[in-house]
$ cat final20.tsv   # TSV, C-alpha atoms (C1' of nucleotides)
chain	number	residue	atom	x	y	z
R	1	MET	CA	87.78	64.86	118.77
R	2	SER	CA	85.48	66.70	116.42
R	3	ARG	CA	86.00	66.72	112.70
R	4	ARG	CA	86.61	70.45	112.94
R	5	ASP	CA	89.49	69.84	115.30
R	6	GLU	CA	90.94	67.30	112.91
R	7	ILE	CA	90.83	69.91	110.19
R	8	LEU	CA	92.64	72.35	112.45
R	9	ASP	CA	95.28	69.74	113.22
R	10	VAL	CA	95.88	69.23	109.55
R	11	ALA	CA	95.93	72.97	109.01
R	12	VAL	CA	98.65	73.41	111.58
R	13	SER	CA	100.71	70.68	109.94
R	14	VAL	CA	100.32	72.07	106.45
R	15	LEU	CA	101.10	75.54	107.70
R	16	GLU	CA	104.34	74.67	109.40
R	17	GLU	CA	105.47	72.17	106.79
R	18	GLU	CA	104.62	74.00	103.59
R	19	GLY	CA	103.93	77.60	104.50
R	20	PRO	CA	100.85	79.81	104.42
R	21	GLU	CA	100.47	79.82	100.64
R	22	SER	CA	99.84	76.09	100.78
R	23	LEU	CA	97.09	76.46	103.33
R	24	THR	CA	94.45	75.66	100.79
R	25	MET	CA	91.02	74.14	101.14
R	26	ARG	CA	91.90	71.55	98.52
R	27	LYS	CA	95.19	70.76	100.21
R	28	LEU	CA	93.60	70.34	103.60
R	29	ALA	CA	90.93	68.13	102.11
R	30	ALA	CA	93.49	66.03	100.27
R	31	ARG	CA	95.39	65.40	103.48
R	32	MET	CA	92.20	64.15	105.06
R	33	GLY	CA	91.37	61.92	102.11
R	34	ILE	CA	88.40	64.08	101.23
R	35	ARG	CA	87.34	66.67	98.64
R	36	ALA	CA	87.43	70.36	99.34
R	37	PRO	CA	83.69	71.05	99.38
R	38	SER	CA	83.20	68.50	102.13
R	39	LEU	CA	85.17	70.69	104.48
R	40	TYR	CA	82.29	73.11	104.48
R	41	LYS	CA	80.22	70.60	106.40
R	42	HIS	CA	82.45	71.27	109.39
R	43	VAL	CA	83.69	74.77	108.90
R	44	ARG	CA	81.92	77.93	107.81
R	45	ASP	CA	84.65	79.22	105.51
R	46	LYS	CA	88.39	79.58	105.38
R	47	ASP	CA	88.36	82.47	107.80
R	48	ASP	CA	86.78	80.10	110.25
R	49	ILE	CA	89.85	77.92	109.99
R	50	VAL	CA	92.08	80.92	110.44
R	51	ALA	CA	90.09	81.87	113.52
R	52	GLY	CA	90.59	78.37	114.85
R	53	LEU	CA	94.31	78.72	114.31
R	54	GLN	CA	94.29	82.06	116.07
R	55	GLU	CA	92.57	80.49	119.03
R	56	ARG	CA	95.03	77.63	119.20
R	57	ALA	CA	97.96	79.98	118.90
R	58	LEU	CA	96.62	82.16	121.69
R	59	ILE	CA	96.07	79.21	123.99
R	60	ASP	CA	99.42	77.64	123.27
R	61	LEU	CA	101.35	80.87	123.51
R	62	GLY	CA	99.53	81.72	126.73
R	63	ARG	CA	100.48	78.40	128.25
R	64	HIS	CA	104.04	78.84	127.14
R	65	LEU	CA	104.24	82.31	128.66
R	66	ALA	CA	102.68	81.11	131.89
R	67	GLY	CA	105.52	78.64	132.26
R	68	ALA	CA	108.25	81.17	131.62
R	69	VAL	CA	110.95	81.80	134.19
R	70	PRO	CA	109.83	84.77	136.28
R	71	GLY	CA	110.89	88.26	135.33
R	72	LEU	CA	110.85	90.35	132.24
R	73	ALA	CA	113.78	88.64	130.57
R	74	GLY	CA	112.30	85.19	131.03
R	75	LEU	CA	108.98	86.27	129.68
R	76	ALA	CA	110.57	87.89	126.67
R	77	GLN	CA	112.64	84.85	126.02
R	78	SER	CA	109.55	82.68	126.13
R	79	TYR	CA	107.64	84.91	123.78
R	80	ARG	CA	110.41	84.93	121.25
R	81	SER	CA	111.11	81.24	121.47
R	82	TRP	CA	107.47	80.34	120.96
R	83	ALA	CA	107.24	82.54	117.91
R	84	LYS	CA	110.39	81.08	116.43
R	85	ALA	CA	109.18	77.58	117.10
R	86	HIS	CA	105.89	78.22	115.28
R	87	PRO	CA	106.68	81.04	112.87
R	88	ARG	CA	103.93	80.39	110.33
R	89	LEU	CA	101.31	79.93	112.97
R	90	TYR	CA	102.45	83.12	114.65
R	91	GLU	CA	102.15	84.94	111.34
R	92	VAL	CA	98.74	83.66	110.42
R	93	ALA	CA	97.38	84.21	113.89
R	94	THR	CA	98.79	87.70	114.01
R	95	ARG	CA	98.22	89.09	110.55
R	96	HIS	CA	94.45	88.77	110.58
R	97	SER	CA	92.38	90.94	112.81
R	98	LEU	CA	91.33	89.04	115.88
R	99	ALA	CA	88.05	87.24	115.21
R	100	ARG	CA	86.74	87.74	118.73
R	101	ASP	CA	83.29	86.46	117.82
R	102	ARG	CA	84.68	83.10	116.74
R	103	ILE	CA	87.03	82.59	119.65
R	104	ALA	CA	86.10	81.27	123.07
R	105	PRO	CA	85.81	84.14	125.53
R	106	GLY	CA	88.61	84.31	128.04
R	107	VAL	CA	91.25	82.93	125.71
R	108	GLU	CA	92.49	86.36	124.75
R	109	TYR	CA	92.61	87.44	128.36
R	110	ALA	CA	94.36	84.28	129.51
R	111	ALA	CA	97.10	84.68	126.94
R	112	ALA	CA	97.68	88.25	128.04
R	113	ALA	CA	97.72	87.46	131.76
R	114	PRO	CA	101.41	86.62	132.14
R	115	ILE	CA	102.37	89.86	130.44
R	116	VAL	CA	100.04	91.92	132.56
R	117	ALA	CA	101.46	90.24	135.63
R	118	ALA	CA	105.01	91.05	134.56
R	119	ALA	CA	103.97	94.66	134.15
R	120	GLY	CA	102.81	94.76	137.74
R	121	GLY	CA	99.21	95.05	136.68
R	122	ASP	CA	99.70	98.20	134.63
R	123	GLU	CA	97.71	97.44	131.50
R	124	HIS	CA	99.30	100.17	129.44
R	125	LEU	CA	102.77	99.07	130.28
R	126	ALA	CA	101.69	95.51	129.56
R	127	ARG	CA	100.52	96.48	126.10
R	128	ALA	CA	103.73	98.35	125.48
R	129	LEU	CA	105.70	95.27	126.44
R	130	TRP	CA	103.57	93.11	124.25
R	131	ALA	CA	103.96	95.49	121.33
R	132	LEU	CA	107.70	95.55	121.80
R	133	ALA	CA	107.93	91.78	121.76
R	134	HIS	CA	105.53	91.47	118.88
R	135	GLY	CA	107.35	94.13	116.89
R	136	LEU	CA	110.69	92.45	117.39
R	137	VAL	CA	109.32	89.06	116.45
R	138	ASP	CA	107.33	90.32	113.51
R	139	LEU	CA	110.22	92.26	112.03
R	140	GLU	CA	112.51	89.32	112.56
R	141	LEU	CA	110.10	86.86	110.96
R	142	SER	CA	109.66	88.98	107.88
R	143	ASP	CA	113.33	89.76	107.41
R	144	ARG	CA	113.04	93.46	107.96
R	145	PHE	CA	116.20	93.77	110.00
R	146	PRO	CA	119.36	94.15	107.94
R	147	PRO	CA	120.90	90.78	107.19
R	148	GLY	CA	123.41	89.84	109.81
R	149	ALA	CA	121.92	92.05	112.51
R	150	ASP	CA	122.63	90.78	116.00
R	151	LEU	CA	119.09	90.35	117.24
R	152	ASP	CA	120.10	88.93	120.59
R	153	ALA	CA	121.79	92.24	121.26
R	154	THR	CA	118.72	94.08	120.09
R	155	TRP	CA	116.52	92.14	122.50
R	156	ARG	CA	118.94	92.82	125.32
R	157	SER	CA	118.95	96.48	124.48
R	158	ALA	CA	115.18	96.58	124.33
R	159	LEU	CA	114.81	94.87	127.67
R	160	THR	CA	117.32	96.98	129.52
R	161	ALA	CA	115.51	100.04	128.25
R	162	PHE	CA	112.32	98.78	129.85
R	163	GLU	CA	113.96	97.24	132.84
R	164	PRO	CA	114.44	100.18	135.22
R	165	THR	CA	110.75	100.88	135.26
R	166	HIS	CA	109.63	97.60	136.65
R	167	THR	CA	112.21	95.00	137.39
R	168	ASN	CA	112.67	96.28	140.93
R	169	PRO	CA	109.75	95.87	143.27
R	170	ARG	CA	106.79	97.84	141.98
R	171	LYS	CA	106.71	101.45	142.91
R	172	GLY	CA	105.31	103.51	140.04
R	173	THR	CA	101.77	102.47	139.26
R	174	PRO	CA	100.87	99.53	141.43
R	175	ARG	CA	97.25	98.47	141.50
J	176	MET	CA	106.78	109.67	84.57
J	177	SER	CA	107.25	106.08	83.51
J	178	ARG	CA	104.36	103.76	82.92
J	179	ARG	CA	105.58	101.70	85.84
J	180	ASP	CA	105.20	104.70	88.09
J	181	GLU	CA	101.69	105.24	86.83
J	182	ILE	CA	100.89	101.68	87.76
J	183	LEU	CA	102.27	102.26	91.22
J	184	ASP	CA	100.18	105.41	91.56
J	185	VAL	CA	97.08	103.47	90.69
J	186	ALA	CA	98.13	100.69	93.04
J	187	VAL	CA	98.39	103.12	95.92
J	188	SER	CA	94.93	104.49	95.15
J	189	VAL	CA	93.32	101.10	94.88
J	190	LEU	CA	95.04	99.99	98.03
J	191	GLU	CA	93.89	102.85	100.17
J	192	GLU	CA	90.43	103.08	98.66
J	193	GLU	CA	89.45	99.43	98.44
J	194	GLY	CA	91.89	97.49	100.57
J	195	PRO	CA	94.58	94.93	99.83
J	196	GLU	CA	92.24	92.21	98.60
J	197	SER	CA	91.28	94.50	95.73
J	198	LEU	CA	94.87	95.01	94.70
J	199	THR	CA	94.45	92.86	91.64
J	200	MET	CA	96.19	92.87	88.31
J	201	ARG	CA	92.84	93.07	86.56
J	202	LYS	CA	91.68	95.89	88.80
J	203	LEU	CA	94.82	97.91	88.27
J	204	ALA	CA	94.57	97.38	84.55
J	205	ALA	CA	90.93	98.39	84.49
J	206	ARG	CA	91.70	101.64	86.26
J	207	MET	CA	94.27	102.40	83.61
J	208	GLY	CA	91.90	101.56	80.79
J	209	ILE	CA	93.94	98.52	79.87
J	210	ARG	CA	93.81	94.73	80.13
J	211	ALA	CA	95.66	92.84	82.80
J	212	PRO	CA	98.26	91.12	80.63
J	213	SER	CA	99.48	94.46	79.34
J	214	LEU	CA	100.72	95.32	82.80
J	215	TYR	CA	103.42	92.74	82.33
J	216	LYS	CA	105.04	94.95	79.72
J	217	HIS	CA	105.99	97.31	82.52
J	218	VAL	CA	106.26	95.15	85.57
J	219	ARG	CA	107.78	91.74	86.13
J	220	ASP	CA	105.04	90.32	88.30
J	221	LYS	CA	102.78	91.31	91.14
J	222	ASP	CA	105.58	91.06	93.66
J	223	ASP	CA	107.33	93.68	91.62
J	224	ILE	CA	104.43	96.02	92.29
J	225	VAL	CA	104.52	95.17	95.95
J	226	ALA	CA	108.22	95.92	95.99
J	227	GLY	CA	107.51	99.27	94.39
J	228	LEU	CA	104.98	100.00	97.08
J	229	GLN	CA	107.48	99.03	99.74
J	230	GLU	CA	109.99	101.42	98.26
J	231	ARG	CA	107.50	104.26	98.14
J	232	ALA	CA	106.38	103.59	101.68
J	233	LEU	CA	109.95	103.57	102.90
J	234	ILE	CA	110.77	106.83	101.16
J	235	ASP	CA	107.63	108.57	102.28
J	236	LEU	CA	107.81	107.35	105.83
J	237	GLY	CA	111.48	108.30	105.97
J	238	ARG	CA	110.71	111.81	104.80
J	239	HIS	CA	107.91	112.08	107.29
J	240	LEU	CA	110.16	110.95	110.14
J	241	ALA	CA	112.90	113.32	109.10
J	242	GLY	CA	110.47	116.20	109.50
J	243	ALA	CA	109.29	115.13	112.93
J	244	VAL	CA	109.63	117.44	115.90
J	245	PRO	CA	112.88	116.52	117.63
J	246	GLY	CA	112.88	114.06	120.45
J	247	LEU	CA	111.56	110.61	121.04
J	248	ALA	CA	107.95	111.67	121.49
J	249	GLY	CA	107.88	113.64	118.29
J	250	LEU	CA	109.40	110.81	116.33
J	251	ALA	CA	106.95	108.33	117.74
J	252	GLN	CA	104.07	110.61	116.99
J	253	SER	CA	105.26	110.94	113.42
J	254	TYR	CA	105.64	107.22	112.97
J	255	ARG	CA	102.19	106.53	114.27
J	256	SER	CA	100.53	109.30	112.34
J	257	TRP	CA	102.07	108.21	109.06
J	258	ALA	CA	100.94	104.65	109.60
J	259	LYS	CA	97.41	105.73	110.44
J	260	ALA	CA	97.29	107.99	107.42
J	261	HIS	CA	98.31	105.14	105.09
J	262	PRO	CA	97.25	102.01	106.91
J	263	ARG	CA	96.94	99.69	103.92
J	264	LEU	CA	100.21	100.83	102.45
J	265	TYR	CA	101.86	100.31	105.80
J	266	GLU	CA	100.45	96.82	105.96
J	267	VAL	CA	101.44	95.79	102.48
J	268	ALA	CA	104.89	97.28	102.79
J	269	THR	CA	105.42	95.63	106.13
J	270	ARG	CA	103.90	92.19	105.78
J	271	HIS	CA	106.10	91.03	102.92
J	272	SER	CA	109.74	90.40	103.51
J	273	LEU	CA	111.80	93.31	102.28
J	274	ALA	CA	112.68	92.84	98.61
J	275	ARG	CA	116.09	94.40	98.96
J	276	ASP	CA	117.11	93.39	95.45
J	277	ARG	CA	114.25	95.33	93.90
J	278	ILE	CA	114.61	98.47	95.98
J	279	ALA	CA	117.06	101.28	95.34
J	280	PRO	CA	120.02	100.96	97.68
J	281	GLY	CA	120.11	103.54	100.43
J	282	VAL	CA	116.36	103.83	100.73
J	283	GLU	CA	116.20	101.43	103.62
J	284	TYR	CA	119.03	103.19	105.37
J	285	ALA	CA	117.57	106.64	104.80
J	286	ALA	CA	114.25	105.65	106.29
J	287	ALA	CA	115.99	104.30	109.36
J	288	ALA	CA	118.25	107.30	109.83
J	289	PRO	CA	115.92	109.46	111.96
J	290	ILE	CA	115.34	106.58	114.33
J	291	VAL	CA	119.03	105.83	114.64
J	292	ALA	CA	119.65	109.49	115.29
J	293	ALA	CA	117.04	109.56	118.04
J	294	ALA	CA	118.73	106.58	119.62
J	295	GLY	CA	121.97	108.51	119.81
J	296	GLY	CA	123.54	106.27	117.22
J	297	ASP	CA	123.02	103.07	119.15
J	298	GLU	CA	121.80	100.72	116.44
J	299	HIS	CA	120.42	98.16	118.84
J	300	LEU	CA	118.43	100.71	120.74
J	301	ALA	CA	117.28	102.10	117.42
J	302	ARG	CA	115.96	98.72	116.37
J	303	ALA	CA	114.26	98.30	119.69
J	304	LEU	CA	112.56	101.65	119.24
J	305	TRP	CA	111.54	100.76	115.74
J	306	ALA	CA	110.17	97.43	116.86
J	307	LEU	CA	108.21	99.09	119.62
J	308	ALA	CA	106.65	101.58	117.25
J	309	HIS	CA	106.00	98.94	114.63
J	310	GLY	CA	104.50	96.59	117.17
J	311	LEU	CA	102.16	99.23	118.50
J	312	VAL	CA	101.10	100.26	115.03
J	313	ASP	CA	100.75	96.73	113.73
J	314	LEU	CA	98.67	95.57	116.65
J	315	GLU	CA	96.51	98.67	116.41
J	316	LEU	CA	95.99	98.27	112.67
J	317	SER	CA	94.91	94.68	112.99
J	318	ASP	CA	92.61	95.24	115.94
J	319	ARG	CA	94.53	93.13	118.37
J	320	PHE	CA	94.12	95.48	121.28
J	321	PRO	CA	90.88	95.03	123.20
J	322	PRO	CA	88.16	97.27	121.80
J	323	GLY	CA	88.08	100.56	123.59
J	324	ALA	CA	91.68	100.39	124.77
J	325	ASP	CA	93.22	103.80	125.31
J	326	LEU	CA	96.10	103.60	122.89
J	327	ASP	CA	97.29	107.13	123.49
J	328	ALA	CA	97.93	106.10	127.05
J	329	THR	CA	99.68	102.97	125.85
J	330	TRP	CA	102.00	105.01	123.65
J	331	ARG	CA	102.73	107.38	126.52
J	332	SER	CA	103.49	104.46	128.76
J	333	ALA	CA	105.74	102.90	126.17
J	334	LEU	CA	107.66	106.10	125.62
J	335	THR	CA	108.19	106.92	129.26
J	336	ALA	CA	109.53	103.42	129.73
J	337	PHE	CA	112.14	104.12	127.09
J	338	GLU	CA	112.63	107.72	128.02
J	339	PRO	CA	115.10	107.63	130.91
J	340	THR	CA	117.64	105.89	128.76
J	341	HIS	CA	117.90	108.56	126.15
J	342	THR	CA	115.74	111.60	126.35
J	343	ASN	CA	118.24	113.53	128.45
J	344	PRO	CA	121.43	114.54	126.73
J	345	ARG	CA	123.18	111.42	125.62
J	346	LYS	CA	125.27	109.78	128.24
J	347	GLY	CA	124.94	105.99	128.01
J	348	THR	CA	126.18	104.76	124.67
J	349	PRO	CA	127.15	107.73	122.50
J	350	ARG	CA	128.93	107.17	119.23
F	351	DA	C1'	60.60	45.95	110.56
F	352	DT	C1'	60.22	50.22	108.48
F	353	DA	C1'	60.14	54.85	107.70
F	354	DG	C1'	62.29	59.15	108.35
F	355	DT	C1'	66.14	62.12	109.27
F	356	DG	C1'	70.44	64.06	109.35
F	357	DG	C1'	75.42	63.73	108.86
F	358	DG	C1'	78.94	63.67	105.74
F	359	DG	C1'	80.66	62.52	101.69
F	360	DC	C1'	80.54	63.45	96.32
F	361	DT	C1'	80.60	66.01	91.36
F	362	DA	C1'	79.89	70.03	88.68
F	363	DA	C1'	80.28	74.49	88.32
F	364	DC	C1'	81.16	79.61	89.08
F	365	DA	C1'	83.77	83.69	89.43
F	366	DC	C1'	88.04	85.30	90.25
F	367	DC	C1'	93.12	85.10	90.61
F	368	DG	C1'	98.19	85.54	88.53
F	369	DT	C1'	100.42	84.58	84.44
F	370	DT	C1'	102.00	83.03	79.56
F	371	DA	C1'	101.77	82.72	74.55
F	372	DG	C1'	101.17	84.72	70.48
F	373	DC	C1'	99.38	88.29	67.58
F	374	DC	C1'	99.23	93.05	65.77
F	375	DA	C1'	99.27	98.11	65.18
F	376	DA	C1'	101.78	102.26	65.69
F	377	DC	C1'	105.84	104.68	65.99
F	378	DC	C1'	110.79	105.81	65.15
F	379	DG	C1'	115.47	105.76	63.67
F	380	DA	C1'	118.55	104.34	59.82
X	381	DT	C1'	111.25	102.67	53.11
X	382	DC	C1'	112.05	99.40	56.06
X	383	DG	C1'	113.06	97.03	60.39
X	384	DG	C1'	112.68	96.89	65.24
X	385	DT	C1'	110.88	98.25	69.49
X	386	DT	C1'	106.96	99.57	72.34
X	387	DG	C1'	102.69	98.59	74.17
X	388	DG	C1'	98.48	97.18	73.46
X	389	DC	C1'	95.21	92.89	72.58
X	390	DT	C1'	92.70	87.93	73.01
X	391	DA	C1'	92.77	83.29	74.46
X	392	DA	C1'	93.97	80.25	77.59
X	393	DC	C1'	95.85	77.56	81.74
X	394	DG	C1'	95.96	76.10	86.27
X	395	DG	C1'	94.87	77.46	90.79
X	396	DT	C1'	91.78	79.67	94.42
X	397	DG	C1'	87.38	79.87	97.62
X	398	DT	C1'	82.76	78.64	97.48
X	399	DT	C1'	77.80	77.03	96.23
X	400	DA	C1'	74.26	73.89	94.60
X	401	DG	C1'	72.48	69.67	94.47
X	402	DC	C1'	72.82	64.77	94.86
X	403	DC	C1'	73.30	60.39	97.44
X	404	DC	C1'	74.42	56.93	100.76
X	405	DC	C1'	74.52	55.30	105.17
X	406	DA	C1'	73.63	55.07	110.10
X	407	DC	C1'	70.49	55.87	113.51
X	408	DT	C1'	66.17	56.50	115.74
X	409	DA	C1'	61.19	56.28	116.44
X	410	DT	C1'	57.15	54.41	115.46
$ encode --input "final20.tsv" --output "structure tokens"
Amino acid sequence: MSRRDEILDVAVSVLEEEGPESLTMRKLAARMGIRAPSLYKHVRDKDDIVAGLQERALIDLGRHLAGAVPGLAGLAQSYRSWAKAHPRLYEVATRHSLARDRIAPGVEYAAAAPIVAAAGGDEHLARALWALAHGLVDLELSDRFPPGADLDATWRSALTAFEPTHTNPRKGTPR
Amino acid sequence: MSRRDEILDVAVSVLEEEGPESLTMRKLAARMGIRAPSLYKHVRDKDDIVAGLQERALIDLGRHLAGAVPGLAGLAQSYRSWAKAHPRLYEVATRHSLARDRIAPGVEYAAAAPIVAAAGGDEHLARALWALAHGLVDLELSDRFPPGADLDATWRSALTAFEPTHTNPRKGTPR
DNA sequence: ATAGTGGGGCTAACACCGTTAGCCAACCGA
DNA sequence: TCGGTTGGCTAACGGTGTTAGCCCCACTAT
């Protein structure tokens, strides 16, 4: 395991244990028994670390989605549960623009695959689904919904609104 | 106009002209011909400024939505166009958890009203709609969609998926 | 065996960040 | 006239990402 990967491991730990504001070069270094400047021997800059986290998040989320129970509801449930299990990682990975040049090609596509499949191959519908799930998760994670809102009901409502289009065998826009 | 409001004006300008990373106490002060510590005579801390920006964004977006052409499509178009007209403000206002204790009561509700109305009063459907729009905007603003993706088509797809439920005269869940 | 090389640490330092303490001038009402 | 409030100021602190430059150690090639 490369030193860079060790750094990313530590970053994930710090992130989930202490939050994004503690994701500091000095803190990461301290956890590795090292001084901050030494990190730069293995990593270009902090954004490089963030990109690494994005990549990990994409891979892990993709795997999680791939194992979801079939159907829209199962996929949605998987998406939400992953995000709630790794809220800080989801945030960090999501709030920076995707560093495509620092991420292994194919990762982005692989993560999206289960959603595209659930949309019957319709890429626009797939993106709409993704946006819906992301929006719900993002708003939930940053406390935008009124306190006490019944988010399970909101998810149900959201899914039934999308359901008629594609839960039944594909008919609209196959291919 | 209070000095605090002047600060918020400047903050909006800096934000849209130079981006969030330039939204600095020293920068704001400089633009006002003042030194950074003096800002604290008018503002509790930086989060206070962010809260002020949130409030302004909510009010402005709410007004914009209220003037949208009736119907789901018009509302969606308004939401998207506001966000694209003020992308940094949208980001800042959206990426921090809502500081409800620093924002005038009713503002949050007023901003949401047009969406709730479009959902026929169904609060869960309203939140789903909001999340969909927010998700689309958020992903677009942070370049998560593959480069070259036809987002107009994605929005159309998203809206037609929601359409059957509520575009026709309300029938499902009135009240 | 020895010389050379590169990896991977280190300290010192820089510029910038939010923020506090403490001072002081101008104004304003009693 | 005098006191208090308002709104500036400088100095400073601790924290941030990051660079420059040094050095030691392991390894490899001659």
$ interface_residues --input "final20.tsv" --of "chain X" --to "chain J" --cutoff "12 Å" --atoms "only C-alpha atoms (C1' of nucleotides)" --output "CSV table (one decimal) with C-alpha atoms (C1' of nucleotides), in the coordinates of the input"
chain,number,residue,atom,x,y,z
X,386,DT,C1',107.0,99.6,72.3
X,387,DG,C1',102.7,98.6,74.2
X,388,DG,C1',98.5,97.2,73.5
X,389,DC,C1',95.2,92.9,72.6
X,390,DT,C1',92.7,87.9,73.0
X,391,DA,C1',92.8,83.3,74.5
$ residues_near_point --input "final20.tsv" --point "(106.4, 85.4, 119.5)" --cutoff "9 Å" --atoms "only C-alpha atoms (C1' of nucleotides)" --output "PyMOL selection string"
chain R and resi 61+76+78-87+90+133-134+136-138
$ closest_residue --input "final20.tsv" --among "J:Asp180, J:Pro322, J:Ser197, J:Asp276" --to "chain F" --atoms "all atoms listed in the file"
J:Ser197
$ atom_distance --input "final20.tsv" --atom1 "CA of Leu316 in chain J" --atom2 "CA of Ala241 in chain J"
22.9 Å
$ closest_residue --input "final20.tsv" --among "R:Ala112, R:Ala131, R:Ala36, R:Ala153" --to "chain F" --atoms "only C-alpha atoms (C1' of nucleotides)"
R:Ala36
$ decode --input "final20.tsv" --residues "chain X" --atoms "C-alpha atoms (C1' of nucleotides)" --output "short mmCIF file (atom, residue, chain, number, x, y, z; two decimals), in the first residue's frame"
data_model
loop_
_atom_site.label_atom_id
_atom_site.label_comp_id
_atom_site.auth_asym_id
_atom_site.auth_seq_id
_atom_site.Cartn_x
_atom_site.Cartn_y
_atom_site.Cartn_z
"C1'" DT X 381 -19.76 70.94 29.49
"C1'" DC X 382 -19.47 66.52 30.17
"C1'" DG X 383 -20.24 61.57 29.70
"C1'" DG X 384 -21.29 57.77 26.83
"C1'" DT X 385 -21.86 55.58 22.59
"C1'" DT X 386 -20.33 54.72 17.88
"C1'" DG X 387 -16.98 53.30 14.84
"C1'" DG X 388 -12.70 53.56 13.50
"C1'" DC X 389 -7.54 52.04 14.46
"C1'" DT X 390 -2.99 48.99 15.52
"C1'" DA X 391 -0.95 45.00 17.38
"C1'" DA X 392 -1.15 40.53 18.08
"C1'" DC X 393 -2.38 35.40 18.41
"C1'" DG X 394 -3.01 30.97 16.77
"C1'" DG X 395 -4.22 28.46 12.80
"C1'" DT X 396 -4.06 27.44 7.66
"C1'" DG X 397 -1.65 25.70 3.09
"C1'" DT X 398 2.70 25.69 1.08
"C1'" DT X 399 7.84 26.35 -0.29
"C1'" DA X 400 12.80 26.17 0.28
"C1'" DG X 401 16.54 23.90 1.67
"C1'" DC X 402 18.82 20.53 4.44
"C1'" DC X 403 20.07 15.76 5.77
"C1'" DC X 404 20.10 10.90 6.55
"C1'" DC X 405 19.61 6.46 5.06
"C1'" DA X 406 18.99 2.62 1.89
"C1'" DC X 407 20.03 0.91 -2.37
"C1'" DT X 408 22.42 0.17 -6.58
"C1'" DA X 409 26.26 0.19 -9.84
"C1'" DT X 410 30.73 0.35 -10.67
#
